[in-house]
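*Asks:* Here you go, this is my_file-v4.cif (mmCIF, C-alpha atoms).
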data_coords
loop_
_atom_site.label_atom_id
_atom_site.label_comp_id
_atom_site.auth_asym_id
_atom_site.auth_seq_id
_atom_site.Cartn_x
_atom_site.Cartn_y
_atom_site.Cartn_z
CA MET A 1 12.64 -14.24 -1.92
CA LEU A 2 9.31 -15.79 -2.88
CA ALA A 3 9.33 -18.29 -5.74
CA LEU A 4 6.98 -16.38 -8.01
CA ASP A 5 6.95 -15.84 -11.75
CA ALA A 6 7.52 -12.12 -11.91
CA GLY A 7 8.55 -9.32 -14.22
CA PRO A 8 9.44 -5.77 -13.21
CA PRO A 9 8.02 -4.70 -9.82
CA GLU A 10 7.34 -1.14 -10.98
CA PRO A 11 5.45 0.06 -14.08
CA GLU A 12 6.95 2.51 -16.55
CA ARG A 13 6.07 6.16 -16.01
CA ASP A 14 4.02 6.19 -19.23
CA CYS A 15 2.33 2.82 -18.56
CA ALA A 16 -0.71 2.44 -20.81
CA LEU A 17 -2.05 -0.94 -19.69
CA CYS A 18 -5.31 0.60 -18.45
CA PRO A 19 -6.88 3.02 -20.97
CA ARG A 20 -9.25 4.64 -18.47
CA LEU A 21 -6.46 5.30 -15.98
CA SER A 22 -4.16 6.58 -18.74
CA GLU A 23 -6.83 9.02 -19.90
CA PHE A 24 -7.49 10.17 -16.35
CA ARG A 25 -3.76 10.64 -15.81
CA ALA A 26 -3.47 12.69 -18.99
CA ALA A 27 -6.35 14.91 -17.92
CA ASN A 28 -4.69 15.47 -14.56
CA GLN A 29 -1.39 16.26 -16.26
CA ALA A 30 -3.11 18.95 -18.33
CA ALA A 31 -4.94 20.39 -15.33
CA LYS A 32 -2.08 20.12 -12.83
CA PRO A 33 1.24 20.01 -14.72
CA GLY A 34 3.23 20.45 -11.53
CA TRP A 35 1.86 17.27 -9.97
CA PHE A 36 3.49 13.82 -10.24
CA ASN A 37 0.61 12.39 -12.35
CA ALA A 38 2.17 8.98 -13.09
CA PRO A 39 2.22 5.46 -11.68
CA VAL A 40 3.39 5.97 -8.10
CA PRO A 41 6.45 3.81 -7.29
CA SER A 42 6.79 1.77 -4.13
CA PHE A 43 8.54 3.49 -1.23
CA GLY A 44 11.15 1.66 0.83
CA ASN A 45 13.77 -0.97 0.05
CA ALA A 46 13.91 -4.58 -1.04
CA ASN A 47 15.39 -5.73 2.29
CA ALA A 48 12.34 -4.73 4.30
CA ARG A 49 10.54 -7.45 6.23
CA LEU A 50 7.25 -5.52 6.29
CA LEU A 51 5.42 -4.65 3.09
CA ILE A 52 2.29 -2.51 3.34
CA VAL A 53 -0.24 -2.78 0.50
CA GLY A 54 -2.78 -0.01 -0.05
CA LEU A 55 -5.46 0.32 -2.70
CA ALA A 56 -4.35 3.10 -5.07
CA PRO A 57 -2.82 6.59 -5.00
CA GLY A 58 -5.07 9.40 -3.82
CA LEU A 59 -5.77 12.13 -6.37
CA LYS A 60 -4.46 14.96 -4.18
CA GLY A 61 -2.13 12.76 -2.17
CA ALA A 62 0.31 10.35 -3.81
CA ASN A 63 -0.76 11.33 -7.34
CA ARG A 64 0.32 14.86 -6.48
CA THR A 65 3.47 14.12 -4.47
CA GLY A 66 4.74 10.93 -6.10
CA ARG A 67 5.12 8.98 -2.84
CA PRO A 68 2.58 6.48 -1.48
CA PHE A 69 0.22 7.86 1.18
CA THR A 70 1.89 11.27 1.11
CA GLY A 71 -0.18 14.43 1.15
CA ASP A 72 -3.56 13.23 2.44
CA TYR A 73 -5.15 12.20 5.74
CA ALA A 74 -4.43 8.50 5.27
CA GLY A 75 -0.74 9.33 5.13
CA ASP A 76 -0.93 11.45 8.28
CA LEU A 77 -2.20 8.45 10.25
CA LEU A 78 -0.03 5.85 8.53
CA TYR A 79 3.29 7.66 8.81
CA SER A 80 2.74 8.79 12.40
CA THR A 81 2.06 5.16 13.29
CA LEU A 82 5.12 3.93 11.40
CA LEU A 83 7.24 6.44 13.29
CA ALA A 84 5.72 5.37 16.61
CA TYR A 85 6.54 1.70 16.03
CA GLY A 86 10.04 2.14 14.65
CA PHE A 87 9.23 1.53 10.99
CA ALA A 88 10.28 5.04 9.93
CA THR A 89 12.76 7.71 10.93
CA GLY A 90 12.79 11.48 10.47
CA THR A 91 9.81 13.79 10.24
CA TYR A 92 6.75 13.34 8.05
CA ASP A 93 5.83 16.66 6.44
CA ALA A 94 3.46 15.40 3.70
CA ARG A 95 6.09 16.00 0.99
CA ALA A 96 8.12 13.47 -0.97
CA ASP A 97 11.26 15.46 -0.13
CA ASP A 98 10.62 15.78 3.61
CA GLY A 99 13.53 13.44 4.38
CA LEU A 100 11.41 10.75 6.06
CA MET A 101 12.93 7.28 5.62
CA LEU A 102 11.31 3.90 6.09
CA LYS A 103 13.01 1.32 8.31
CA ASP A 104 12.46 -2.38 7.62
CA CYS A 105 9.30 -1.37 5.75
CA MET A 106 8.11 -0.80 2.20
CA ILE A 107 4.81 0.68 1.00
CA THR A 108 3.11 -0.09 -2.30
CA ASN A 109 -0.38 -0.12 -3.82
CA ALA A 110 -2.49 -2.75 -5.56
CA VAL A 111 -3.09 -0.22 -8.36
CA ARG A 112 -0.27 2.22 -9.08
CA CYS A 113 -2.23 4.95 -10.91
CA VAL A 114 -4.92 7.13 -9.40
CA PRO A 115 -8.39 5.93 -10.46
CA PRO A 116 -11.45 8.17 -10.85
CA GLN A 117 -13.42 8.36 -7.57
CA ASN A 118 -10.67 6.19 -6.03
CA LYS A 119 -12.40 3.13 -7.50
CA PRO A 120 -10.32 0.90 -9.78
CA THR A 121 -12.26 -1.58 -11.89
CA PRO A 122 -11.74 -5.34 -11.62
CA ALA A 123 -9.99 -5.23 -15.01
CA GLU A 124 -7.60 -2.52 -13.78
CA LEU A 125 -6.83 -4.48 -10.65
CA ALA A 126 -6.02 -7.50 -12.80
CA LYS A 127 -3.83 -5.49 -15.18
CA CYS A 128 -1.78 -4.06 -12.33
CA ARG A 129 -1.55 -7.30 -10.32
CA PRO A 130 1.64 -8.56 -12.01
CA PHE A 131 3.49 -5.56 -10.55
CA LEU A 132 2.26 -6.55 -7.09
CA THR A 133 3.39 -10.14 -7.63
CA ALA A 134 6.77 -8.87 -8.77
CA ARG A 135 7.00 -6.57 -5.75
CA PHE A 136 6.47 -9.54 -3.45
CA ALA A 137 9.11 -11.55 -5.31
CA ALA A 138 11.61 -8.68 -5.12
CA GLN A 139 11.38 -8.43 -1.33
CA THR A 140 14.32 -10.57 -0.24
CA LYS A 141 13.36 -10.78 3.46
CA LEU A 142 9.58 -10.47 3.28
CA THR A 143 7.98 -11.67 6.52
CA VAL A 144 4.76 -9.70 7.00
CA ILE A 145 2.40 -8.19 4.44
CA LEU A 146 -0.08 -5.67 5.82
CA ALA A 147 -3.18 -5.25 3.67
CA LEU A 148 -5.01 -1.97 4.16
CA GLY A 149 -8.59 -2.85 3.33
CA ARG A 150 -10.41 -5.79 1.80
CA ILE A 151 -9.41 -5.06 -1.79
CA ALA A 152 -5.72 -4.93 -0.88
CA HIS A 153 -6.20 -8.18 1.05
CA ASP A 154 -7.85 -9.91 -1.91
CA GLN A 155 -5.30 -8.61 -4.40
CA THR A 156 -2.47 -9.81 -2.18
CA LEU A 157 -3.87 -13.32 -2.11
CA LEU A 158 -4.48 -13.34 -5.86
CA ALA A 159 -0.97 -12.03 -6.52
CA LEU A 160 0.43 -14.86 -4.40
CA GLY A 161 -1.77 -17.47 -6.09
CA LEU A 162 -3.77 -18.20 -2.91
CA LYS A 163 -7.51 -18.80 -2.50
CA ARG A 164 -9.45 -15.93 -0.98
CA ALA A 165 -12.18 -18.12 0.51
CA ALA A 166 -9.70 -19.83 2.82
CA LEU A 167 -8.34 -16.55 4.19
CA PRO A 168 -11.18 -14.04 4.71
CA PHE A 169 -10.42 -10.40 5.46
CA ALA A 170 -10.90 -9.34 9.09
CA HIS A 171 -9.48 -6.29 10.80
CA GLY A 172 -6.68 -7.32 13.15
CA ALA A 173 -6.36 -10.81 11.68
CA LEU A 174 -2.96 -12.43 11.21
CA HIS A 175 -3.07 -15.11 8.51
CA ASP A 176 -0.27 -17.68 8.29
CA LEU A 177 0.51 -18.07 4.58
CA GLY A 178 3.25 -20.65 5.10
CA ASN A 179 6.98 -20.35 4.39
CA GLY A 180 7.33 -17.92 7.29
CA LEU A 181 5.02 -15.34 5.71
CA THR A 182 2.14 -13.63 7.52
CA LEU A 183 -0.69 -11.56 6.05
CA ALA A 184 -2.00 -8.94 8.48
CA ASP A 185 -5.30 -7.14 7.89
CA SER A 186 -6.43 -3.64 8.79
CA PHE A 187 -9.27 -1.44 7.73
CA HIS A 188 -7.90 1.23 5.42
CA CYS A 189 -6.65 4.33 7.23
CA SER A 190 -8.84 6.65 5.18
CA ARG A 191 -10.52 9.73 6.57
CA TYR A 192 -13.91 8.14 5.86
CA ASN A 193 -13.12 5.10 8.01
CA THR A 194 -11.77 7.18 10.88
CA ASN A 195 -14.57 9.78 10.73
CA THR A 196 -17.21 7.05 10.89
CA GLY A 197 -15.45 5.22 13.71
CA ARG A 198 -14.91 2.10 11.64
CA LEU A 199 -11.21 2.52 12.35
CA THR A 200 -9.86 4.32 15.40
CA GLU A 201 -6.27 5.35 15.97
CA ALA A 202 -6.08 2.80 18.79
CA MET A 203 -7.32 0.01 16.50
CA PHE A 204 -4.72 0.94 13.89
CA LYS A 205 -1.94 1.01 16.47
CA ASP A 206 -3.00 -2.41 17.76
CA VAL A 207 -2.35 -3.86 14.30
CA PHE A 208 1.15 -2.40 14.22
CA ALA A 209 1.84 -3.52 17.78
CA ALA A 210 1.04 -7.09 16.74
CA ILE A 211 3.26 -6.80 13.66
CA ARG A 212 6.09 -5.29 15.70
CA ALA A 213 5.84 -8.10 18.24
CA ARG A 214 5.88 -10.76 15.54
CA LEU A 215 8.92 -9.28 13.79
CA ASP A 216 10.79 -8.80 17.07
CA LYS A 217 10.49 -12.53 17.74
CA ARG A 218 12.35 -13.34 14.53
#
Output the file's structure as C-alpha cells, nothing else.

*Replies:*
Amino acid sequence: MLALDAGPPEPERDCALCPRLSEFRAANQAAKPGWFNAPVPSFGNANARLLIVGLAPGLKGANRTGRPFTGDYAGDLLYSTLLAYGFATGTYDARADDGLMLKDCMITNAVRCVPPQNKPTPAELAKCRPFLTARFAAQTKLTVILALGRIAHDQTLLALGLKRAALPFAHGALHDLGNGLTLADSFHCSRYNTNTGRLTEAMFKDVFAAIRARLDKR
C-alpha cells in the first residue's frame, strides 16, 4: 500500500463537490431516470496489481451503465484487450450485469462524474483528485498504473505528489516511479483516436503486452 494521506477512495452517490457536474447529473437524471447518473465507482478489487486510469465516464457509456468504460466504443476496445491479455474473464456484453470479471486489474477514472462535452474543468479535476489518491492508497499490491491519455497521466502524477515535468506523457512509455511502481502511458482508446489513426488496435495491444511482460516477471 502506498504511503499517501487519503480519505475514502469512492465518492458518495450524491456527491456535490462540483456544482456544474452535479447540475449536469441532475439534468440527466430527469431526462433518463433509468440510467445510473451518479459518480461511477471503480471496477475491480483492491488486490489488483494493475490499475487503469481513464478520464471520466462517458455520457452514454459508464454514466448510463454504472461501470467504467461500459457501453461505448472505448469499452469495446479496452475490455477485448483485457480479455486477450488475461486481465479479465467472462464475456463483455456492454452491460454492468454481463458477468465479466476483472483479474488482477482495477479500472477507475480521474473524474468520477460525467462532464458536459466530456471535458472536466481544472477545478473539477482538482476536486476529484483526492478520490484518485485514495484509490492508489487502497490498492494493496499496486505495481503498474496505466494512464489512458495525457490528462489521466497528469492527474496520476499530481495524485501521487510527483512532478509532471520530470515524467512527460508519451504513448507506450513506461515510467519508473520508484518503490516498485510503474506508470504506463497510452493514448485514450476513444473512437476519435482510433478513427483518426492516432491509436490503432495494434498500438493498444503493444502497451498491454509490455504491462503483461512486466507483471509476469514479478

*Asks:* Of the candidates A:Ala94, A:Leu59, A:Ala152, A:Ala88, which shows the shortest atom-to-atom distance to Thr108 of chain A, using all atoms listed in the file?

*Replies:*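 Closest to Thr108 of chain A of all the choices is A:Ala152.
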
*Asks:* Which residues, written as a list in words, have at least one atom at most 12 Å from Pro19 of chain A, with all atoms listed in the file counted and residues fewer than 3 positions away on the same chain left out?

*Replies:*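 Result of the neighbour search: Asp14, Cys15, Ala16, Ser22, Glu23, Phe24, Arg25, Ala26, Cys113, Pro115, Pro120, Thr121, Ala123, Glu124 and Lys127 of chain A.
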
*Asks:* Identify which of the residues A:Leu148, A:Ala110, A:Leu77, A:Met101 lies closest to Pro130 of chain A, counting all atoms listed in the file when measuring atom-to-atom distances.

*Replies:*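 Looking only at the distances to Pro130 of chain A, the closest residue turns out to be A:Ala110.
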
*Asks:* When the PyMOL selection byres ((chain A and resi 95) around 9) is applied to the structure above, which residues does it catch, written out as a PDB file with C-alpha atoms, in the coordinates of the input?

*Replies:*
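The file below, part_3.pdb, is the result:
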ATOM      1  CA  THR A  65       3.470  14.120  -4.470  1.00  0.00           C
ATOM      2  CA  GLY A  66       4.740  10.930  -6.100  1.00  0.00           C
ATOM      3  CA  ARG A  67       5.120   8.980  -2.840  1.00  0.00           C
ATOM      4  CA  THR A  70       1.890  11.270   1.110  1.00  0.00           C
ATOM      5  CA  GLY A  71      -0.180  14.430   1.150  1.00  0.00           C
ATOM      6  CA  TYR A  92       6.750  13.340   8.050  1.00  0.00           C
ATOM      7  CA  ASP A  93       5.830  16.660   6.440  1.00  0.00           C
ATOM      8  CA  ALA A  94       3.460  15.400   3.700  1.00  0.00           C
ATOM      9  CA  ALA A  96       8.120  13.470  -0.970  1.00  0.00           C
ATOM     10  CA  ASP A  97      11.260  15.460  -0.130  1.00  0.00           C
ATOM     11  CA  ASP A  98      10.620  15.780   3.610  1.00  0.00           C
ATOM     12  CA  GLY A  99      13.530  13.440   4.380  1.00  0.00           C
TER      13      GLY A  99
END

*Asks:* Select, from A:Ile107, A:Leu146, A:Ala134, A:Leu157, the residue with the minimum atom-to-atom distance to Leu4 of chain A, counting all atoms listed in the file.

*Replies:*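 Residue with the minimum atom-to-atom distance to Leu4 of chain A: A:Ala134.
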
*Asks:* If I take atom CA of Ala170 of chain A and atom CA of Thr182 of chain A, how far is one from the other in Å, to one decimal?

*Replies:*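 Those two atoms sit 13.8 Å apart.
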
*Asks:* Do you know which residues are at most 12 Å from Arg198 of chain A counting all atoms listed in the file, after dropping those on the same chain fewer than 2 positions away, and could you put them as a list of chain:residue names?

*Replies:* A:Gly149, A:His171, A:Ser186, A:Phe187, A:His188, A:Cys189, A:Ser190, A:Arg191, A:Tyr192, A:Asn193, A:Thr194, A:Asn195, A:Thr196, A:Thr200, A:Glu201, A:Ala202, A:Met203, A:Phe204

*Asks:* Which residues would end up in the selection if the PyMOL selection byres ((chain A and resi 55) around 7) were applied here, given that I need the answer as a list of chain:residue names?

*Replies:* A:Val53, A:Gly54, A:Ala56, A:Asn109, A:Ala110, A:Val111, A:Ile151, A:Ala152

*Asks:* How many Å separate atom CA of Leu215 of chain A from atom CA of Gly86 of chain A?

*Replies:*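 Value for the atom CA of Leu215 of chain A-atom CA of Gly86 of chain A distance: 11.5 Å.
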
*Asks:* I would like the residues chosen by the PyMOL selection byres ((chain A and resi 103) around 6) on the shown file; could you give them as a list in words?

*Replies:*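 Checking the PyMOL selection byres ((chain A and resi 103) around 6) against this file, the residues are Phe87, Ala88, Leu102, Asp104 and Cys105 of chain A.
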
*Asks:* Would you work out the distance separating atom CA of Thr89 of chain A from atom CA of Ala38 of chain A, expressed in Å to one decimal?

*Replies:*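 Going from atom CA of Thr89 of chain A over to atom CA of Ala38 of chain A, I get 26.3 Å.
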
*Asks:* So, with all atoms listed in the file as the atoms that count, which of A:Tyr85, A:Lys119, A:Leu100, A:Met106 lies closest to Ala210 of chain A?

*Replies:*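 So, comparing all the options, the nearest one is A:Tyr85.
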
*Asks:* Determine the nearest neighbour of Ser80 of chain A from the options A:Ala166, A:Lys205, A:Gly7, A:Arg49, counting all atoms listed in the file.

*Replies:* A:Lys205

*Asks:* Excluding same-chain residues fewer than 3 positions from Gly178 of chain A, what lies within 12 Å of it counting only C-alpha atoms, as a list of chain:residue names?

*Replies:* A:Leu2, A:Thr143, A:Val144, A:Leu160, A:Leu162, A:Leu174, A:His175, A:Leu181, A:Thr182, A:Leu183

*Asks:* Write the residues you've just listed into a file as a PDB file, keeping the file's coordinate frame, and include C-alpha atoms for each of them.

*Replies:*
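Dumped to out_9.pdb:
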ATOM      1  CA  LEU A   2       9.310 -15.790  -2.880  1.00  0.00           C
ATOM      2  CA  THR A 143       7.980 -11.670   6.520  1.00  0.00           C
ATOM      3  CA  VAL A 144       4.760  -9.700   7.000  1.00  0.00           C
ATOM      4  CA  LEU A 160       0.430 -14.860  -4.400  1.00  0.00           C
ATOM      5  CA  LEU A 162      -3.770 -18.200  -2.910  1.00  0.00           C
ATOM      6  CA  LEU A 174      -2.960 -12.430  11.210  1.00  0.00           C
ATOM      7  CA  HIS A 175      -3.070 -15.110   8.510  1.00  0.00           C
ATOM      8  CA  LEU A 181       5.020 -15.340   5.710  1.00  0.00           C
ATOM      9  CA  THR A 182       2.140 -13.630   7.520  1.00  0.00           C
ATOM     10  CA  LEU A 183      -0.690 -11.560   6.050  1.00  0.00           C
TER      11      LEU A 183
END

*Asks:* Please provide as a PDB file with C-alpha atoms, in the coordinates of the input all residues within 7 Å of segment 9-11 of chain A, with the sequence filter that same-chain residues fewer than 3 positions apart are discarded (counting all atoms listed in the file).

*Replies:*
ATOM      1  CA  CYS A  15       2.330   2.820 -18.560  1.00  0.00           C
ATOM      2  CA  PRO A  39       2.220   5.460 -11.680  1.00  0.00           C
ATOM      3  CA  PRO A  41       6.450   3.810  -7.290  1.00  0.00           C
ATOM      4  CA  PHE A 131       3.490  -5.560 -10.550  1.00  0.00           C
ATOM      5  CA  LEU A 132       2.260  -6.550  -7.090  1.00  0.00           C
ATOM      6  CA  ALA A 134       6.770  -8.870  -8.770  1.00  0.00           C
ATOM      7  CA  ARG A 135       7.000  -6.570  -5.750  1.00  0.00           C
TER       8      ARG A 135
END

*Asks:* Neighbours of Leu142 of chain A within 8 Å (only C-alpha atoms; same-chain residues fewer than 2 positions away dropped), as a list in words?

*Replies:*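 Contacts, with the query itself left out: Met1, Asn47, Ala48, Arg49, Leu50, Leu51, Phe136, Gln139, Thr140, Val144, Ile145 and Leu181 of chain A.
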
*Asks:* Can you report as AutoDock Vina command-line options the centre and edge lengths in Å, to one decimal, of an axis-aligned box around the listed atoms of segment 192-205 of chain A padded with 5 Å on each side?

*Replies:*
--center_x -9.6 --center_y 4.9 --center_z 12.3 --size_x 25.3 --size_y 19.8 --size_z 22.9

*Asks:* Considering all atoms listed in the file, state which residue in the set A:Leu17, A:Arg164, A:Ala184, A:Phe43 is at the smallest distance from Leu125 of chain A.

*Replies:*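 The closest residue to Leu125 of chain A is A:Leu17.
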
*Asks:* Any chance you could model N, CA and C atoms for segment 87-99 of chain A and send them as a PDB file, in the frame of the given file?

*Replies:*
ATOM      1  N   PHE A  87       9.153   1.907  12.398  1.00  0.00           N
ATOM      2  CA  PHE A  87       9.230   1.530  10.990  1.00  0.00           C
ATOM      3  C   PHE A  87       9.593   2.719  10.092  1.00  0.00           C
ATOM      4  N   ALA A  88       9.874   3.855  10.685  1.00  0.00           N
ATOM      5  CA  ALA A  88      10.280   5.040   9.930  1.00  0.00           C
ATOM      6  C   ALA A  88      11.130   5.922  10.833  1.00  0.00           C
ATOM      7  N   THR A  89      11.956   6.747  10.201  1.00  0.00           N
ATOM      8  CA  THR A  89      12.760   7.710  10.930  1.00  0.00           C
ATOM      9  C   THR A  89      12.635   9.072  10.255  1.00  0.00           C
ATOM     10  N   GLY A  90      12.893  10.131  11.018  1.00  0.00           N
ATOM     11  CA  GLY A  90      12.790  11.480  10.470  1.00  0.00           C
ATOM     12  C   GLY A  90      11.473  12.111  10.825  1.00  0.00           C
ATOM     13  N   THR A  91      11.053  13.043  10.004  1.00  0.00           N
ATOM     14  CA  THR A  91       9.810  13.790  10.240  1.00  0.00           C
ATOM     15  C   THR A  91       8.947  13.733   8.989  1.00  0.00           C
ATOM     16  N   TYR A  92       7.681  13.353   9.175  1.00  0.00           N
ATOM     17  CA  TYR A  92       6.750  13.340   8.050  1.00  0.00           C
ATOM     18  C   TYR A  92       6.159  14.731   7.885  1.00  0.00           C
ATOM     19  N   ASP A  93       6.332  15.311   6.710  1.00  0.00           N
ATOM     20  CA  ASP A  93       5.830  16.660   6.440  1.00  0.00           C
ATOM     21  C   ASP A  93       4.977  16.686   5.175  1.00  0.00           C
ATOM     22  N   ALA A  94       4.397  15.512   4.826  1.00  0.00           N
ATOM     23  CA  ALA A  94       3.460  15.400   3.700  1.00  0.00           C
ATOM     24  C   ALA A  94       4.066  15.808   2.369  1.00  0.00           C
ATOM     25  N   ARG A  95       5.382  15.689   2.249  1.00  0.00           N
ATOM     26  CA  ARG A  95       6.090  16.000   0.990  1.00  0.00           C
ATOM     27  C   ARG A  95       7.039  14.839   0.684  1.00  0.00           C
ATOM     28  N   ALA A  96       7.219  14.547  -0.587  1.00  0.00           N
ATOM     29  CA  ALA A  96       8.120  13.470  -0.970  1.00  0.00           C
ATOM     30  C   ALA A  96       9.574  13.783  -0.635  1.00  0.00           C
ATOM     31  N   ASP A  97       9.894  15.058  -0.452  1.00  0.00           N
ATOM     32  CA  ASP A  97      11.260  15.460  -0.130  1.00  0.00           C
ATOM     33  C   ASP A  97      11.420  15.885   1.321  1.00  0.00           C
ATOM     34  N   ASP A  98      10.546  15.375   2.211  1.00  0.00           N
ATOM     35  CA  ASP A  98      10.620  15.780   3.610  1.00  0.00           C
ATOM     36  C   ASP A  98      11.730  15.076   4.386  1.00  0.00           C
ATOM     37  N   GLY A  99      12.414  14.130   3.751  1.00  0.00           N
ATOM     38  CA  GLY A  99      13.530  13.440   4.380  1.00  0.00           C
ATOM     39  C   GLY A  99      13.140  12.220   5.199  1.00  0.00           C
TER      40      GLY A  99
END
